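Undergrad: Mind having a look at this structure? Questions to follow.
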Amino acid sequence: MSNARTTRPRWHRLVTATAAGLVLTAASPAARADATAADANPVRVQLLSITDLHGYFGDYTTTVPGAHAGEATQTVGGGAYLAAHLDRLRDQAALPEANSILFSAGDDFSGWPSETAYFWNEPTIEYLNHIGVRFSTIGNHELDRNLDYLRHMMDGTCEGRPDGDLCFTDSTGERFAGADFDYYSANVVDGATGELVVTPYHVERVDDGHGGTLPVGFIHATTSGTPNEGLSYWPADQLRFLPEAAEINRYAAELQAQGVQSIVAVVHEGFAQVGDFYNDCTNPSGPMVEMNKQISPAVDAIVTGHWHALANCLLPDPAGNPRPVVEAANHGRLISEINLQLDPETGDVLRDRTTSTNHANTRTVTPDPEVLRMAQYWRDRAQQRRNEPVVDIAGDLARTSADAEESTLGNATADAFRWAAQQDGGADVGIVMPNTLLRDVTYAPTAGNAADAPGRVLFGELMVGVIHESGGFGAALTSGELTGRGLDQLLESQWQQAADGSVTFRPLAVSSNVSYRYDPTAPVGDRVDFGQVRIDGKPLKPNATYRVATLSKDFVTRYAVPGFSALLDAHHQHRTAYSGPDALAGYLRAHAPLAPPALDRIRAKP
């Protein structure tokens, strides 16, 4: 496959709320002159889809159950094998290029393999370009960073990270230039304006075999549960997610008004069926099963994702007509294939001739040598990247200390959160929640690593695995407003009493402009001395408002540390351009070489 890049402008469509330029016309009479009423040969269209790849195009091996109940488990995985299977399926179909359409149902990137995570997922786009992905739906993980980053992934803008650490050289020696395809969604809107952030649908024109073309419309939607995801959490003031089925129906009607009769919904929301045998459909359940009952009969097939499920179903639409609803697992384990046959006169799908099947990405074919080369290139680069110096420090930043209340890494990270949030949206207080810090940042060099030195902090030591996540971007830094009473409640949450009366202490770290005293003998819920809490040297006021910055996951019920609920009700939340690791790295650079912070912010009363 050619590595040549298209020059078509793409990003202008990422900010329009209409499908401008997509109004369609039917094939001209001249082009259809040889198509008569007696020509009953349908037009064949092959839909090949993957979902939830999450950057797993390298040498990844796992298993799937058999195609049907009772069949043996199969070994699958690896982007080189996936590419080879896709070529095989295209060859077997023997269709014009326009009639074999490969696409994704979302969550292409924000994955965790080091060869993709270390380069902020740009290698994944190189791979998707190589295998010929025609388009993709926005999944929740496409929104793990801000919209500037999504622009970057589409168009290679080199924007979207506060440190500008983007646009790496790919395996062909070219600078990253973005995807050769577009991202779409019909239900992600700007929280302030209500306008769509990307185009909601598009049309592919397929060869009708008589010198003309027929339109096939694709409507895209993103799980409306995105705000409940820890990594892809967005406050409603910034992004909102409209109900998927209503928006799909809206645009299905719009497509039909333009003369498009063949319509496919690609939805990054999922379902599952009992047993996970990938071509069975046993007792299917989940959001897409219910949504299928609401989605217009004008939609002829539904391709899903998000659940990492293995399913291939024919489910009745609201008119009682069966249509395929499929999901192709995750990490390149499966490929979904839907074969449509279109009426050559009307362009409508002949439902009784539609078939669907899932194919396992077995390692029984010759792997694509170009992908093997590509994956090896990024693995080699990942080792180099791991040893890149990020900053120098003047002493250990550790998670624990002799004082149970504080640690040098906790204090430095709380300061970093406040510092970063002040660059984007403002913050009065930085907080680090329990279970956030995964490992220390040490002054001593790593034994046996010639790239390390005393005080030197390498990329692999800081950017991946210190804060919250062991890979990927990490959760975004988010701020929200609490009253003084709400902030006091958050501090009191550090002590939690079990039913048997035992008390667990899980300390928070607070930024250097915060200090307070507590009484370890007082009743749980009343241990912090409200009158002794100071913000910037001033007493905490019960009705005053304070902007608190911490990780986005801590604003989400599903992912917040149990018992720490005060942030769930924070007002005027703002997701910043920083992730947790971005914030810590940026702060350390701005204060290099940082000495371990003093442990003098929190004290127990004598």
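In the structure tokens, chains take letters A, B, ... by order of appearance, with residues numbered from 1 within each chain and ligands from 1 in the order shown.
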Hey, what does DSSP flag as alpha helix (DSSP H) within stretch 238-383 of chain A? Can you give it to me as number ranges by chain?
TA: A: 244-257, 287-292, 369-383
Undergrad: As a ChimeraX atom specification, please: the residues near A:Asp107 (cut-off 8 Å, only C-alpha atoms, same-chain neighbours under 2 positions excluded).
TA: /A:51-54,105,109-110,138-142,306
Undergrad: Between atom CA of A:Arg386 and atom CA of A:Phe473, what distance in Å does the model show, to one decimal?
TA: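 Here the two named atoms are 14.9 Å from each other.
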Undergrad: Using only C-alpha atoms, which residues sit within 12 Å of A:Ser100 once same-chain residues fewer than 3 positions away are excluded, as an NGL selection string?
TA: :A and (43-49 or 86-97 or 103 or 132-134 or 204-207 or 216 or 337-340)
Undergrad: Quick one: everything within 6 Å of stretch 162-172 of chain A, counting only C-alpha atoms, minus sequence neighbours fewer than 2 positions away in the same chain. Send it as a ChimeraX atom specification.
TA: /A:158,174-176,374,377
Undergrad: Tell me, which residues of stretch 391-468 of chain A carry DSSP strand (DSSP E or B), written as number ranges by chain?
TA: A: 391-393, 397, 429-432, 437, 441, 456-458, 467
Undergrad: Hey, what's within 6 Å of A:Ala311 if we count only C-alpha atoms and toss same-chain stuff fewer than 4 positions away? As a PyMOL selection string, please?
TA: chain A and resi 278+326-327
Undergrad: Would you save the residues from that selection as a PDB file, in the first residue's frame, using N, CA and C atoms?
TA:
ATOM      1  N   TYR A 278     -17.781 -15.764  18.669  1.00  0.00           N
ATOM      2  CA  TYR A 278     -17.846 -14.508  17.937  1.00  0.00           C
ATOM      3  C   TYR A 278     -18.808 -14.476  16.758  1.00  0.00           C
ATOM      4  N   VAL A 326     -23.234  -5.662  14.814  1.00  0.00           N
ATOM      5  CA  VAL A 326     -22.001  -6.420  15.024  1.00  0.00           C
ATOM      6  C   VAL A 326     -21.035  -5.638  15.905  1.00  0.00           C
ATOM      7  N   GLU A 327     -20.116  -6.376  16.547  1.00  0.00           N
ATOM      8  CA  GLU A 327     -19.018  -5.762  17.296  1.00  0.00           C
ATOM      9  C   GLU A 327     -17.794  -6.657  17.167  1.00  0.00           C
TER      10      GLU A 327
END
Undergrad: Tell me which of A:Ala394, A:Ala117, A:Leu242, A:Leu508 sits closest to A:Glu469, counting only C-alpha atoms.
TA: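 Of the candidates, the smallest distance to A:Glu469 is held by A:Ala117.
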Undergrad: So how many Å separate atom CA of A:Val266 and atom CA of A:Ser104, to one decimal?
TA: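 Straight-line distance from atom CA of A:Val266 to atom CA of A:Ser104 works out to 8.2 Å.
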Undergrad: Show me, as a list in words, the residues that have an atom within 7 Å of A:Tyr546 when counting only C-alpha atoms, minus same-chain residues fewer than 3 positions from it.
TA: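 Once the nearby chain positions are removed, what remains is Asp428, Glu481, Leu482, Thr483 and Gly484 of chain A.
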Undergrad: Quick one: residues within 6 Å of A:Gly78, only C-alpha atoms, excluding same-chain residues fewer than 2 positions away - as a list in words?
TA: Phe57, Gly58, Asp59, Tyr60, Ala80 and Tyr81 of chain A
Undergrad: Would you save the residues of that selection, restricted to N, CA and C atoms, as a PDB file, in the first residue's frame?
TA:
ATOM      1  N   PHE A  57      -1.046  -2.517  17.382  1.00  0.00           N
ATOM      2  CA  PHE A  57      -0.711  -3.012  16.051  1.00  0.00           C
ATOM      3  C   PHE A  57       0.629  -3.733  16.040  1.00  0.00           C
ATOM      4  N   GLY A  58       1.308  -3.795  17.166  1.00  0.00           N
ATOM      5  CA  GLY A  58       2.605  -4.455  17.236  1.00  0.00           C
ATOM      6  C   GLY A  58       2.465  -5.959  17.385  1.00  0.00           C
ATOM      7  N   ASP A  59       3.469  -6.567  17.982  1.00  0.00           N
ATOM      8  CA  ASP A  59       3.497  -8.020  18.112  1.00  0.00           C
ATOM      9  C   ASP A  59       2.697  -8.428  19.341  1.00  0.00           C
ATOM     10  N   TYR A  60       1.387  -8.370  19.184  1.00  0.00           N
ATOM     11  CA  TYR A  60       0.470  -8.609  20.298  1.00  0.00           C
ATOM     12  C   TYR A  60      -0.247  -9.939  20.065  1.00  0.00           C
ATOM     13  N   ALA A  80       0.311  -6.948  11.972  1.00  0.00           N
ATOM     14  CA  ALA A  80       0.769  -7.476  10.690  1.00  0.00           C
ATOM     15  C   ALA A  80      -0.171  -8.563  10.183  1.00  0.00           C
ATOM     16  N   TYR A  81      -0.699  -9.367  11.083  1.00  0.00           N
ATOM     17  CA  TYR A  81      -1.663 -10.400  10.689  1.00  0.00           C
ATOM     18  C   TYR A  81      -3.008  -9.766  10.333  1.00  0.00           C
TER      19      TYR A  81
END
Undergrad: I need the residue nearest A:Ala329 from this list: A:Ala498, A:Ala404, A:Leu477, A:Val64. Use only C-alpha atoms for the distance.
TA: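 Selected residue with least distance to A:Ala329: A:Val64.
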Undergrad: Separation of atom CA of A:Thr73 and atom CA of A:Ile101, in Å?
TA: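 Between these atoms lies a distance of 28.6 Å.
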Undergrad: Find the residue from A:Gly212, A:Gly448, A:Gly160, A:Gly275 that sits nearest to A:His68; use only C-alpha atoms when measuring.
TA: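 Distance minimum relative to A:His68 lands on A:Gly275.
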Undergrad: My list of candidates is A:Glu345, A:Asp148, A:Glu461, A:Glu195. Which is closest to A:Arg385 when distances are computed with only C-alpha atoms?
TA: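 Looking only at the distances to A:Arg385, the closest residue turns out to be A:Glu461.
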